[in-house]
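Have a look at protein.txt below; it lists compact mmCIF, C-alpha atoms.
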```txt
# COMPACT_ATOMS: atom_id res chain seq x y z
CA MET A 1 41.40 19.92 136.20
CA SER A 2 37.97 21.26 135.25
CA ASP A 3 38.27 24.32 137.45
CA THR A 4 39.01 26.85 134.76
CA ALA A 5 39.76 29.62 137.25
CA ALA A 6 42.49 27.77 139.12
CA PRO A 7 46.14 28.30 138.27
CA TYR A 8 48.21 25.41 136.95
CA SER A 9 50.34 23.55 139.44
CA ARG A 10 53.58 25.19 140.44
CA THR A 11 56.34 22.62 140.71
CA ASP A 12 60.13 22.55 140.60
CA ARG A 13 59.92 21.76 136.92
CA THR A 14 57.69 24.72 136.11
CA THR A 15 59.69 27.20 138.18
CA PRO A 16 62.36 29.03 136.17
CA THR A 17 65.83 29.09 137.65
CA ARG A 18 66.26 32.77 136.72
CA TYR A 19 63.96 35.80 136.81
CA ARG A 20 61.29 33.96 138.80
CA ASP A 21 59.42 37.24 139.22
CA ARG A 22 58.68 37.11 135.49
CA ALA A 23 56.90 33.76 135.75
CA SER A 24 53.19 32.99 136.04
CA TRP A 25 51.13 29.86 136.55
CA GLU A 26 47.81 31.63 135.98
CA ARG A 27 45.58 29.80 133.53
CA GLU A 28 44.40 33.03 131.90
CA ALA A 29 47.92 34.37 131.34
CA ILE A 30 49.11 31.06 129.92
CA HIS A 31 46.12 30.69 127.62
CA ALA A 32 46.52 34.28 126.41
CA VAL A 33 50.06 33.56 125.21
CA LEU A 34 49.08 30.23 123.65
CA ASP A 35 46.16 31.88 121.83
CA SER A 36 48.37 34.61 120.33
CA THR A 37 50.18 32.45 117.80
CA PHE A 38 50.21 29.00 116.19
CA LEU A 39 53.85 27.85 116.02
CA CYS A 40 55.52 25.97 118.84
CA HIS A 41 58.85 24.27 119.31
CA LEU A 42 58.42 20.64 120.28
CA GLY A 43 61.22 18.99 122.23
CA PHE A 44 61.61 15.27 122.76
CA ILE A 45 64.40 12.72 123.13
CA ALA A 46 65.46 10.52 120.19
CA ASP A 47 68.28 8.00 120.50
CA GLY A 48 69.22 9.57 123.81
CA ALA A 49 69.68 13.08 122.40
CA PRO A 50 67.41 16.14 122.55
CA VAL A 51 65.53 17.12 119.38
CA VAL A 52 63.62 20.38 118.87
CA LEU A 53 61.32 20.77 115.86
CA PRO A 54 58.95 23.59 114.91
CA THR A 55 55.35 22.55 114.39
CA LEU A 56 51.80 23.87 114.42
CA TYR A 57 49.63 23.54 117.50
CA ALA A 58 46.15 24.40 118.69
CA ARG A 59 44.80 24.90 122.19
CA VAL A 60 41.41 23.36 123.02
CA GLY A 61 40.60 23.98 126.67
CA ASP A 62 43.37 22.41 128.73
CA ARG A 63 44.79 20.42 125.83
CA LEU A 64 47.32 21.20 123.14
CA TYR A 65 47.09 19.39 119.83
CA LEU A 66 50.32 19.22 117.84
CA HIS A 67 50.42 18.56 114.14
CA GLY A 68 52.55 15.61 113.11
CA SER A 69 53.93 17.24 109.98
CA THR A 70 57.36 17.71 111.50
CA GLY A 71 58.00 14.03 110.91
CA SER A 72 56.90 10.69 112.14
CA ARG A 73 59.89 10.55 114.50
CA PRO A 74 58.22 12.00 117.61
CA LEU A 75 54.93 10.31 116.84
CA ARG A 76 56.33 6.83 116.51
CA GLY A 77 56.94 6.78 120.25
CA ALA A 78 53.68 8.52 121.15
CA GLY A 79 51.26 5.60 121.12
CA GLU A 80 47.94 5.99 122.90
CA ASP A 81 49.25 3.99 125.85
CA GLU A 82 52.87 4.75 126.68
CA GLY A 83 53.15 8.24 125.23
CA LEU A 84 56.22 10.41 124.62
CA ALA A 85 57.88 12.79 127.07
CA VAL A 86 57.83 16.25 125.49
CA CYS A 87 58.41 19.91 126.20
CA VAL A 88 56.38 22.36 124.13
CA THR A 89 57.53 25.98 124.05
CA VAL A 90 55.83 29.00 122.50
CA THR A 91 57.61 32.36 122.29
CA LEU A 92 56.51 35.78 121.08
CA VAL A 93 58.96 38.66 120.70
CA ASP A 94 57.44 42.08 121.48
CA GLY A 95 60.43 44.38 121.44
CA LEU A 96 64.17 44.91 121.46
CA VAL A 97 65.45 46.56 124.61
CA LEU A 98 68.58 48.61 123.93
CA ALA A 99 70.43 49.91 126.97
CA LYS A 100 73.41 52.23 127.13
CA SER A 101 75.53 49.30 128.33
CA ALA A 102 75.85 46.07 126.37
CA VAL A 103 75.04 43.87 129.35
CA HIS A 104 71.64 45.42 129.95
CA HIS A 105 70.42 44.71 126.42
CA SER A 106 67.34 42.52 126.52
CA VAL A 107 64.22 41.47 124.67
CA ASN A 108 60.58 41.98 125.59
CA TYR A 109 58.81 38.68 125.12
CA ARG A 110 56.04 36.35 126.24
CA SER A 111 56.62 32.61 126.43
CA VAL A 112 54.98 29.43 127.65
CA VAL A 113 56.78 26.20 128.49
CA ALA A 114 54.66 23.05 128.89
CA HIS A 115 56.07 19.73 130.09
CA GLY A 116 54.32 16.39 129.94
CA THR A 117 53.59 13.20 128.09
CA ALA A 118 52.12 13.46 124.59
CA HIS A 119 49.77 10.80 123.27
CA GLN A 120 48.77 10.11 119.71
CA VAL A 121 45.14 10.95 118.98
CA THR A 122 43.42 7.94 117.45
CA ASP A 123 39.72 8.58 118.05
CA PRO A 124 38.25 9.92 114.76
CA ALA A 125 35.91 12.37 116.54
CA GLU A 126 38.76 13.86 118.59
CA LEU A 127 40.97 13.95 115.48
CA ALA A 128 38.29 15.92 113.62
CA VAL A 129 38.09 18.44 116.47
CA ALA A 130 41.88 18.71 116.56
CA LEU A 131 42.19 19.29 112.80
CA ASP A 132 39.55 22.04 112.88
CA ALA A 133 41.33 23.63 115.83
CA LEU A 134 44.71 23.50 114.06
CA VAL A 135 43.26 25.39 111.10
CA ASP A 136 41.44 27.91 113.32
CA GLN A 137 44.54 28.51 115.44
CA VAL A 138 46.31 29.89 112.34
CA VAL A 139 43.28 31.78 110.99
CA PRO A 140 40.32 32.07 113.39
CA GLY A 141 37.10 31.14 111.59
CA ARG A 142 38.82 29.40 108.70
CA SER A 143 37.65 25.84 109.42
CA GLY A 144 34.08 26.83 108.51
CA ASP A 145 35.12 28.08 105.07
CA VAL A 146 37.09 25.15 103.61
CA ARG A 147 36.44 21.63 102.42
CA ARG A 148 36.53 19.73 105.67
CA PRO A 149 38.76 16.67 105.90
CA SER A 150 37.33 13.37 104.70
CA ALA A 151 37.35 10.31 106.93
CA LYS A 152 40.31 9.03 104.91
CA GLU A 153 42.22 12.31 105.31
CA ILE A 154 41.48 12.35 109.04
CA ALA A 155 42.78 8.81 109.44
CA ALA A 156 45.98 9.70 107.56
CA THR A 157 46.84 12.72 109.73
CA ALA A 158 49.08 12.35 112.74
CA VAL A 159 48.19 14.51 115.76
CA VAL A 160 49.40 14.28 119.33
CA ARG A 161 47.69 15.58 122.45
CA LEU A 162 49.42 17.17 125.45
CA ARG A 163 47.38 17.90 128.54
CA LEU A 164 48.30 21.27 130.06
CA ASP A 165 49.30 20.75 133.66
CA GLN A 166 53.05 21.22 134.17
CA VAL A 167 53.05 24.59 132.46
CA SER A 168 54.17 28.15 133.13
CA ALA A 169 54.35 31.48 131.34
CA LYS A 170 57.18 33.98 131.48
CA ALA A 171 57.32 37.52 130.17
CA ARG A 172 59.41 40.66 130.08
CA ALA A 173 57.76 43.97 129.29
CA GLY A 174 58.55 47.64 129.79
CA GLY A 175 61.55 49.81 129.39
CA VAL A 176 65.29 49.81 129.75
CA GLN A 177 67.19 49.00 132.92
CA GLU A 178 70.45 50.92 133.34
CA ASP A 179 73.19 51.15 135.89
CA GLU A 180 73.02 54.61 137.41
CA ALA A 181 76.61 55.24 136.35
CA ASP A 182 75.55 54.82 132.72
CA HIS A 183 72.68 57.32 132.70
CA ASP A 184 74.64 60.18 131.13
CA LEU A 185 76.44 58.18 128.45
CA PRO A 186 75.85 59.60 124.96
CA TYR A 187 74.20 56.51 123.47
CA TRP A 188 70.65 56.02 122.25
CA ALA A 189 68.70 53.74 124.59
CA GLY A 190 65.12 52.62 124.47
CA VAL A 191 62.74 50.01 123.15
CA LEU A 192 62.19 49.08 119.53
CA PRO A 193 58.70 47.51 119.40
CA VAL A 194 58.47 44.43 117.18
CA ALA A 195 55.28 43.13 115.65
CA THR A 196 54.22 40.48 113.17
CA VAL A 197 52.12 41.84 110.34
CA GLN A 198 50.30 40.39 107.36
CA GLY A 199 51.18 41.50 103.85
CA THR A 200 48.92 41.72 100.81
CA PRO A 201 47.03 38.42 100.30
CA GLU A 202 48.08 36.53 97.16
CA PRO A 203 45.09 34.55 95.81
CA SER A 204 45.76 31.26 94.06
CA PRO A 205 44.92 30.91 90.33
CA TYR A 206 41.81 28.89 91.21
CA THR A 207 40.37 31.49 93.57
CA THR A 208 37.21 33.12 92.19
CA VAL A 209 35.73 34.59 95.38
CA ALA A 210 36.54 37.85 97.14
CA LEU A 211 38.76 37.91 100.23
CA PRO A 212 36.56 36.82 103.15
CA ALA A 213 36.08 39.22 106.04
CA TYR A 214 37.91 36.96 108.50
CA LEU A 215 41.07 37.28 106.41
CA HIS A 216 41.11 41.06 106.70
CA THR A 217 41.70 40.79 110.41
CA VAL A 218 44.27 37.99 110.67
CA MET B 1 85.87 22.61 108.96
CA SER B 2 87.67 25.60 107.54
CA ASP B 3 86.42 25.03 104.01
CA THR B 4 83.71 27.65 104.01
CA ALA B 5 82.29 26.54 100.66
CA ALA B 6 81.64 22.93 101.63
CA PRO B 7 78.20 21.82 102.81
CA TYR B 8 77.74 20.53 106.34
CA SER B 9 77.77 16.79 106.81
CA ARG B 10 74.59 14.97 105.90
CA THR B 11 73.83 12.25 108.44
CA ASP B 12 70.82 10.29 109.62
CA ARG B 13 70.37 12.81 112.38
CA THR B 14 70.34 15.80 110.04
CA THR B 15 68.01 14.19 107.49
CA PRO B 16 64.33 14.97 108.12
CA THR B 17 61.96 12.02 108.16
CA ARG B 18 59.38 13.95 106.11
CA TYR B 19 59.63 16.38 103.17
CA ARG B 20 63.31 15.59 102.59
CA ASP B 21 63.15 17.62 99.37
CA ARG B 22 62.72 20.72 101.54
CA ALA B 23 66.02 20.12 103.35
CA SER B 24 69.46 21.59 102.69
CA TRP B 25 72.91 21.04 104.10
CA GLU B 26 74.44 23.97 102.20
CA ARG B 27 76.50 26.25 104.40
CA GLU B 28 75.25 29.38 102.67
CA ALA B 29 71.56 28.44 103.02
CA ILE B 30 72.00 27.53 106.68
CA HIS B 31 73.93 30.70 107.51
CA ALA B 32 71.32 32.81 105.68
CA VAL B 33 68.57 31.52 107.96
CA LEU B 34 70.70 31.86 111.10
CA ASP B 35 71.61 35.43 110.15
CA SER B 36 67.96 36.46 109.67
CA THR B 37 66.96 36.50 113.32
CA PHE B 38 68.32 36.28 116.87
CA LEU B 39 66.00 34.00 118.86
CA CYS B 40 66.48 30.25 119.01
CA HIS B 41 64.87 27.43 120.94
CA LEU B 42 67.45 25.48 122.91
CA GLY B 43 66.66 21.86 123.73
CA PHE B 44 68.49 19.76 126.29
CA ILE B 45 67.76 16.96 128.74
CA ALA B 46 67.25 17.68 132.44
CA ASP B 47 66.46 14.92 134.93
CA GLY B 48 65.79 12.59 132.02
CA ALA B 49 63.15 14.80 130.40
CA PRO B 50 63.36 17.15 127.41
CA VAL B 51 63.43 20.91 128.08
CA VAL B 52 63.05 23.64 125.43
CA LEU B 53 63.82 27.25 126.33
CA PRO B 54 63.92 30.36 124.15
CA THR B 55 67.19 32.24 124.19
CA LEU B 56 69.31 34.66 122.20
CA TYR B 57 72.08 33.41 119.95
CA ALA B 58 74.74 34.76 117.61
CA ARG B 59 76.53 33.08 114.73
CA VAL B 60 80.27 33.67 114.41
CA GLY B 61 81.63 31.64 111.50
CA ASP B 62 80.85 28.01 112.20
CA ARG B 63 79.98 28.61 115.82
CA LEU B 64 76.78 29.54 117.60
CA TYR B 65 77.00 31.39 120.91
CA LEU B 66 73.97 31.06 123.15
CA HIS B 67 73.19 33.47 125.92
CA GLY B 68 72.81 31.95 129.33
CA SER B 69 69.95 34.16 130.44
CA THR B 70 67.41 31.37 130.09
CA GLY B 71 68.69 30.00 133.32
CA SER B 72 71.69 28.33 134.77
CA ARG B 73 70.08 24.90 134.31
CA PRO B 74 71.51 24.09 130.87
CA LEU B 75 74.80 25.74 131.66
CA ARG B 76 75.47 23.82 134.82
CA GLY B 77 76.09 20.72 132.74
CA ALA B 78 77.98 22.50 129.99
CA GLY B 79 81.42 22.68 131.50
CA GLU B 80 84.38 23.28 129.22
CA ASP B 81 85.25 19.59 129.26
CA GLU B 82 82.19 17.33 129.23
CA GLY B 83 79.68 19.64 127.57
CA LEU B 84 75.92 19.32 127.23
CA ALA B 85 74.02 17.56 124.44
CA VAL B 86 71.75 20.15 122.82
CA CYS B 87 69.53 20.81 119.85
CA VAL B 88 69.24 24.42 118.72
CA THR B 89 66.35 25.31 116.41
CA VAL B 90 65.65 28.60 114.63
CA THR B 91 62.38 29.15 112.78
CA LEU B 92 61.07 32.02 110.66
CA VAL B 93 57.46 32.14 109.44
CA ASP B 94 57.07 33.76 106.00
CA GLY B 95 53.44 33.10 105.15
CA LEU B 96 50.19 31.29 105.82
CA VAL B 97 49.19 28.94 103.02
CA LEU B 98 45.40 28.58 102.81
CA ALA B 99 44.10 25.85 100.52
CA LYS B 100 40.52 25.07 99.56
CA SER B 101 40.76 21.87 101.60
CA ALA B 102 41.67 21.86 105.28
CA VAL B 103 44.35 19.20 104.87
CA HIS B 104 46.40 21.21 102.38
CA HIS B 105 46.74 24.19 104.70
CA SER B 106 50.39 24.88 105.40
CA VAL B 107 52.91 27.50 106.42
CA ASN B 108 55.79 28.98 104.47
CA TYR B 109 58.83 28.94 106.70
CA ARG B 110 62.59 28.66 106.97
CA SER B 111 64.20 26.72 109.78
CA VAL B 112 67.55 25.42 110.94
CA VAL B 113 68.10 22.52 113.33
CA ALA B 114 71.59 22.09 114.82
CA HIS B 115 72.59 19.11 116.95
CA GLY B 116 75.73 18.80 119.01
CA THR B 117 77.49 19.29 122.30
CA ALA B 118 77.53 22.76 123.81
CA HIS B 119 80.45 23.94 125.92
CA GLN B 120 80.62 26.83 128.31
CA VAL B 121 82.84 29.66 127.12
CA THR B 122 85.40 30.49 129.78
CA ASP B 123 88.17 32.32 127.90
CA PRO B 124 87.69 36.08 128.50
CA ALA B 125 88.72 36.99 124.93
CA GLU B 126 86.24 34.55 123.39
CA LEU B 127 83.56 35.71 125.84
CA ALA B 128 84.11 39.32 124.75
CA VAL B 129 83.72 38.31 121.09
CA ALA B 130 80.58 36.34 121.90
CA LEU B 131 78.98 39.18 123.86
CA ASP B 132 79.61 41.65 121.02
CA ALA B 133 78.17 39.14 118.56
CA LEU B 134 75.07 38.59 120.69
CA VAL B 135 74.35 42.33 120.67
CA ASP B 136 75.07 42.66 116.94
CA GLN B 137 72.88 39.67 116.07
CA VAL B 138 69.86 41.58 117.44
CA VAL B 139 70.88 44.97 116.01
CA PRO B 140 73.76 44.90 113.51
CA GLY B 141 76.28 47.59 114.36
CA ARG B 142 75.04 48.11 117.89
CA SER B 143 78.10 46.76 119.75
CA GLY B 144 80.13 49.76 118.56
CA ASP B 145 77.65 52.25 120.01
CA VAL B 146 77.27 51.10 123.63
CA ARG B 147 79.32 50.92 126.78
CA ARG B 148 81.21 47.69 126.24
CA PRO B 149 81.14 45.09 129.01
CA SER B 150 83.70 45.44 131.77
CA ALA B 151 85.97 42.54 132.70
CA LYS B 152 83.73 41.93 135.71
CA GLU B 153 80.55 41.91 133.60
CA ILE B 154 82.17 39.56 131.08
CA ALA B 155 83.17 37.16 133.84
CA ALA B 156 79.61 37.18 135.22
CA THR B 157 77.93 36.33 131.91
CA ALA B 158 77.22 32.72 130.99
CA VAL B 159 77.61 31.85 127.31
CA VAL B 160 77.78 28.45 125.65
CA ARG B 161 79.33 27.59 122.30
CA LEU B 162 77.95 25.08 119.79
CA ARG B 163 80.04 24.20 116.78
CA LEU B 164 77.93 23.93 113.62
CA ASP B 165 78.43 20.51 112.11
CA GLN B 166 75.34 18.31 112.50
CA VAL B 167 73.05 20.93 111.06
CA SER B 168 70.45 21.27 108.32
CA ALA B 169 68.01 23.84 107.00
CA LYS B 170 64.46 23.24 105.85
CA ALA B 171 62.06 25.56 104.06
CA ARG B 172 58.71 25.77 102.36
CA ALA B 173 58.02 28.57 99.91
CA GLY B 174 55.59 29.25 97.12
CA GLY B 175 51.89 28.80 96.58
CA VAL B 176 49.03 26.52 97.45
CA GLN B 177 48.87 22.82 96.68
CA GLU B 178 45.37 21.53 95.92
CA ASP B 179 43.78 18.25 94.96
CA GLU B 180 42.50 18.63 91.40
CA ALA B 181 39.01 17.72 92.58
CA ASP B 182 39.04 20.83 94.84
CA HIS B 183 39.98 23.39 92.16
CA ASP B 184 36.45 24.66 91.55
CA LEU B 185 35.32 24.87 95.17
CA PRO B 186 34.02 28.36 96.08
CA TYR B 187 36.57 29.10 98.82
CA TRP B 188 39.30 31.71 98.94
CA ALA B 189 42.73 30.11 98.63
CA GLY B 190 46.16 31.66 98.52
CA VAL B 191 49.08 32.85 100.58
CA LEU B 192 48.99 35.47 103.34
CA PRO B 193 52.55 36.81 103.60
CA VAL B 194 53.75 37.34 107.15
CA ALA B 195 56.55 39.66 108.17
CA THR B 196 58.10 40.99 111.34
CA VAL B 197 58.26 44.76 111.46
CA GLN B 198 59.64 47.36 113.81
CA GLY B 199 57.37 49.95 115.36
CA THR B 200 58.19 53.49 116.41
CA PRO B 201 61.30 53.57 118.63
CA GLU B 202 60.59 54.56 122.24
CA PRO B 203 63.64 56.37 123.67
CA SER B 204 64.37 55.99 127.36
CA PRO B 205 64.19 59.06 129.65
CA TYR B 206 67.99 59.27 129.73
CA THR B 207 68.42 59.36 125.97
CA THR B 208 69.66 62.71 124.70
CA VAL B 209 70.94 61.74 121.25
CA ALA B 210 69.05 61.31 118.00
CA LEU B 211 68.12 57.86 116.70
CA PRO B 212 71.31 56.46 115.12
CA ALA B 213 71.21 55.52 111.43
CA TYR B 214 71.66 51.79 112.13
CA LEU B 215 68.38 51.78 114.06
CA HIS B 216 66.41 53.06 111.08
CA THR B 217 67.15 49.89 109.20
CA VAL B 218 66.69 47.17 111.82
```
Represent the structure from my file as structure tokens, please.
Amino acid sequence: MSDTAAPYSRTDRTTPTRYRDRASWEREAIHAVLDSTFLCHLGFIADGAPVVLPTLYARVGDRLYLHGSTGSRPLRGAGEDEGLAVCVTVTLVDGLVLAKSAVHHSVNYRSVVAHGTAHQVTDPAELAVALDALVDQVVPGRSGDVRRPSAKEIAATAVVRLRLDQVSAKARAGGVQEDEADHDLPYWAGVLPVATVQGTPEPSPYTTVALPAYLHTV
Amino acid sequence: MSDTAAPYSRTDRTTPTRYRDRASWEREAIHAVLDSTFLCHLGFIADGAPVVLPTLYARVGDRLYLHGSTGSRPLRGAGEDEGLAVCVTVTLVDGLVLAKSAVHHSVNYRSVVAHGTAHQVTDPAELAVALDALVDQVVPGRSGDVRRPSAKEIAATAVVRLRLDQVSAKARAGGVQEDEADHDLPYWAGVLPVATVQGTPEPSPYTTVALPAYLHTV
């Protein structure tokens, strides 16, 4: 587990049923996707049915910390001992792939799917690390330029931990695939790149300081 | 079901456990979120464990059609009769909310969570409608400017249908919330708007026509 160069374990569960050639179990590739954004979709089972909720996460080494703000529902079952079976999925869209035929339309993307058992974080020191990481995952460097959480605030915040182990990445990149018979059709085909950008910062009424350097580069 | 003005049913399952004041069951609000993007996270249960996969979807009236390209796994169980219990979640991030205290950091977002039983679409006419809708959800107007799927391609494509019924929207908008005691702290606070933008289109080598008007406005 501490060998940071080794790939994650490849199992039936972490092997996609389609487009296996797009999958990777390499630690570096998986971490790169996880470090590119801050929103995941957390899946768990409640009353026998699947539930998927968006929530914030942070990666710290081989652990994901998930913020409990999506509701106490998943966390109720995630005690330190028994834990909660979860699937955490992170997806980034990089482009729209428009082919001359409808069936070859696609999307360029990077995604990570992590399976495992999530446990509630109860140790105050680990909670403090997790809360800093959750802030820094959204805006790198931010946790050093805020009022840090008090012991009372830390105790009131629900965070769960998922150890990365049963995890894989999947990606599509590149251009359009066409059937040869479609090459000469008079339609526009190609890739429309998609990116997430930041607009003009809107300071709150109580803000008296200039925009910090780390916010210029978010 | 055919009363398009009525809200969706509010049940225990569609009532969030936290921030209930951010929730809506209004048809118009839910459709507005669903019509703003094309990627969902599909949750289901496989071998007793939750699985969440990203996939493309389209809304047609009170139905969602999900593309089967995430793998045959979920579709295997989604026969026309028995169906597959699913949760489909769509999330859009609109801004990063940075407060003077770490604990009041938040995200502006819009999301929809739909619960229900998905069924595989087997009728060729409905499949054709669904495939057009899946293309138009990504790029409105595109399905009229491509080679439409052949009967053989339609038959080979897996699509599942989820009727919208147990569904709710949730959103956060607006500015920063602060504890009064934090108002004078010397940190930058405010909202960083986030938007998804399209880059310069990259035509494929076989493209001989100019960029169509509908691609200028994606």
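For the pair atom CA of Leu66 of chain B and atom CA of Cys87 of chain B, the interatomic distance is 11.6 Å.
Nearest to Leu53 of chain B of all the residues B:Val88, B:Ala23, B:Ala29, B:Val107 is B:Val88, based on all atoms listed in the file.
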Ref. answer, residues at most 12 Å from (70.1, 64.8, 124.9) with only C-alpha atoms, as a VMD selection string: (chain A and resid 183 to 189) or (chain B and resid 203 to 211)
Who sits within 7 Å of Leu39 of chain A, all atoms listed in the file, same chain under 5 positions skipped, as a PyMOL selection string: chain A and resi 54-57+90
Selection: 10 Å around Asp145 of chain A, all atoms listed in the file, excl. self and same-chain fewer than 3 positions, as a PyMOL selection string: (chain A and resi 141-142+148+212+214) or (chain B and resi 100-102+186-188)
With C-alpha atoms retained, write the just-selected residues as an mmCIF file, in the frame of the given file.
```
data_model
loop_
_atom_site.group_PDB
_atom_site.id
_atom_site.type_symbol
_atom_site.label_atom_id
_atom_site.label_comp_id
_atom_site.auth_asym_id
_atom_site.auth_seq_id
_atom_site.Cartn_x
_atom_site.Cartn_y
_atom_site.Cartn_z
ATOM 1 C CA GLY A 141 37.100 31.140 111.590
ATOM 2 C CA ARG A 142 38.820 29.400 108.700
ATOM 3 C CA ARG A 148 36.530 19.730 105.670
ATOM 4 C CA PRO A 212 36.560 36.820 103.150
ATOM 5 C CA TYR A 214 37.910 36.960 108.500
ATOM 6 C CA LYS B 100 40.520 25.070 99.560
ATOM 7 C CA SER B 101 40.760 21.870 101.600
ATOM 8 C CA ALA B 102 41.670 21.860 105.280
ATOM 9 C CA PRO B 186 34.020 28.360 96.080
ATOM 10 C CA TYR B 187 36.570 29.100 98.820
ATOM 11 C CA TRP B 188 39.300 31.710 98.940
#
```
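Atom CA of Gly95 of chain A lies 17.9 Å from atom CA of Ala32 of chain A.
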For segment 126-136 of chain A: contacts at 9 Å, all atoms listed in the file, fewer than 6 positions along chain excluded, given as number ranges by chain: A: 38, 56-60, 64-67, 142-144, 148-149, 151, 154-155, 157-159, 161; B: 102-103, 105
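We find atom CA of Thr122 of chain B and atom CA of Phe44 of chain B to be spaced 20.3 Å apart.
Look at Ala169 of chain A: the protein and nucleic acid residues within 10 Å of it, using all atoms listed in the file and passing over chain neighbours fewer than 2 places away, are Thr14, Thr15, Pro16, Arg22, Ala23, Ser24, Trp25, Glu26, Arg27, Ala29, Ile30, His31, Ala32, Val33, Leu34, Thr89, Val90, Thr91, Arg110, Ser111, Val112, Val113, Ala114, Val167 and Ala171 of chain A.
Among the candidates B:His104, B:Arg10, B:Arg147, B:Lys170, the residue lying nearest to chain A is B:Arg147 (atoms considered: all atoms listed in the file).
Of the residues under consideration (A:Cys40, A:Val51, A:Ala156, A:Val121), A:Val51 shows the shortest atom-to-atom contact distance to chain B when counting only C-alpha atoms.
Ranking B:Val194, B:His115, B:Leu84, B:Leu215 by their shortest atom-to-atom distance to chain A, with all atoms listed in the file included, puts B:Val194 first.
Comparing the minimum interatomic distances between chain A and each of B:Thr17, B:Asn108, B:Thr37, B:Ser150, counting only C-alpha atoms, we find that B:Thr17 sits nearest.
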Centre and edge lengths of an axis-aligned box around all listed atoms of segment 56-60 of chain B, with 6 Å added on each side, are to be given in Å to one decimal, as AutoDock Vina command-line options.
```
--center_x 74.8 --center_y 33.9 --center_z 118.3 --size_x 23.0 --size_y 13.7 --size_z 19.8
```
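Candidate residues B:Leu192, B:Leu92, B:Leu164, B:Ala181 were compared for distance to chain A, and the nearest is B:Leu192, using all atoms listed in the file.
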Protein and nucleic acid residues near (50.7, 13.7, 123.1) (cut-off 7 Å, all atoms listed in the file) as JSON, numbers by chain: {"A": [78, 83, 84, 117, 118, 119, 120, 160, 161, 162]}
Missing atoms in segment 42-56 of chain B: fill them in up to N, CA and C atoms and send the result as a PDB file, in the frame of the given file.
```
ATOM      1  N   LEU B  42      66.367  26.355 122.468  1.00  0.00           N
ATOM      2  CA  LEU B  42      67.450  25.480 122.910  1.00  0.00           C
ATOM      3  C   LEU B  42      66.854  24.276 123.627  1.00  0.00           C
ATOM      4  N   GLY B  43      67.145  23.086 123.101  1.00  0.00           N
ATOM      5  CA  GLY B  43      66.660  21.860 123.730  1.00  0.00           C
ATOM      6  C   GLY B  43      67.789  21.110 124.403  1.00  0.00           C
ATOM      7  N   PHE B  44      67.515  20.573 125.572  1.00  0.00           N
ATOM      8  CA  PHE B  44      68.490  19.760 126.290  1.00  0.00           C
ATOM      9  C   PHE B  44      67.714  18.805 127.189  1.00  0.00           C
ATOM     10  N   ILE B  45      68.416  17.938 127.872  1.00  0.00           N
ATOM     11  CA  ILE B  45      67.760  16.960 128.740  1.00  0.00           C
ATOM     12  C   ILE B  45      68.095  17.300 130.186  1.00  0.00           C
ATOM     13  N   ALA B  46      67.060  17.415 131.018  1.00  0.00           N
ATOM     14  CA  ALA B  46      67.250  17.680 132.440  1.00  0.00           C
ATOM     15  C   ALA B  46      66.459  16.654 133.230  1.00  0.00           C
ATOM     16  N   ASP B  47      67.129  15.965 134.135  1.00  0.00           N
ATOM     17  CA  ASP B  47      66.460  14.920 134.930  1.00  0.00           C
ATOM     18  C   ASP B  47      65.744  13.919 134.035  1.00  0.00           C
ATOM     19  N   GLY B  48      66.346  13.607 132.898  1.00  0.00           N
ATOM     20  CA  GLY B  48      65.790  12.590 132.020  1.00  0.00           C
ATOM     21  C   GLY B  48      64.670  13.045 131.106  1.00  0.00           C
ATOM     22  N   ALA B  49      64.271  14.314 131.219  1.00  0.00           N
ATOM     23  CA  ALA B  49      63.150  14.800 130.400  1.00  0.00           C
ATOM     24  C   ALA B  49      63.619  15.937 129.481  1.00  0.00           C
ATOM     25  N   PRO B  50      62.967  16.074 128.326  1.00  0.00           N
ATOM     26  CA  PRO B  50      63.360  17.150 127.410  1.00  0.00           C
ATOM     27  C   PRO B  50      62.923  18.516 127.941  1.00  0.00           C
ATOM     28  N   VAL B  51      63.749  19.524 127.715  1.00  0.00           N
ATOM     29  CA  VAL B  51      63.430  20.910 128.080  1.00  0.00           C
ATOM     30  C   VAL B  51      63.746  21.782 126.872  1.00  0.00           C
ATOM     31  N   VAL B  52      62.849  22.702 126.544  1.00  0.00           N
ATOM     32  CA  VAL B  52      63.050  23.640 125.430  1.00  0.00           C
ATOM     33  C   VAL B  52      62.862  25.045 125.960  1.00  0.00           C
ATOM     34  N   LEU B  53      63.899  25.877 125.847  1.00  0.00           N
ATOM     35  CA  LEU B  53      63.820  27.250 126.330  1.00  0.00           C
ATOM     36  C   LEU B  53      64.217  28.209 125.215  1.00  0.00           C
ATOM     37  N   PRO B  54      63.512  29.349 125.123  1.00  0.00           N
ATOM     38  CA  PRO B  54      63.920  30.360 124.150  1.00  0.00           C
ATOM     39  C   PRO B  54      65.136  31.114 124.665  1.00  0.00           C
ATOM     40  N   THR B  55      66.058  31.418 123.770  1.00  0.00           N
ATOM     41  CA  THR B  55      67.190  32.240 124.190  1.00  0.00           C
ATOM     42  C   THR B  55      67.792  32.955 122.983  1.00  0.00           C
ATOM     43  N   LEU B  56      68.641  33.933 123.266  1.00  0.00           N
ATOM     44  CA  LEU B  56      69.310  34.660 122.200  1.00  0.00           C
ATOM     45  C   LEU B  56      70.551  33.905 121.751  1.00  0.00           C
TER      46      LEU B  56
END
```
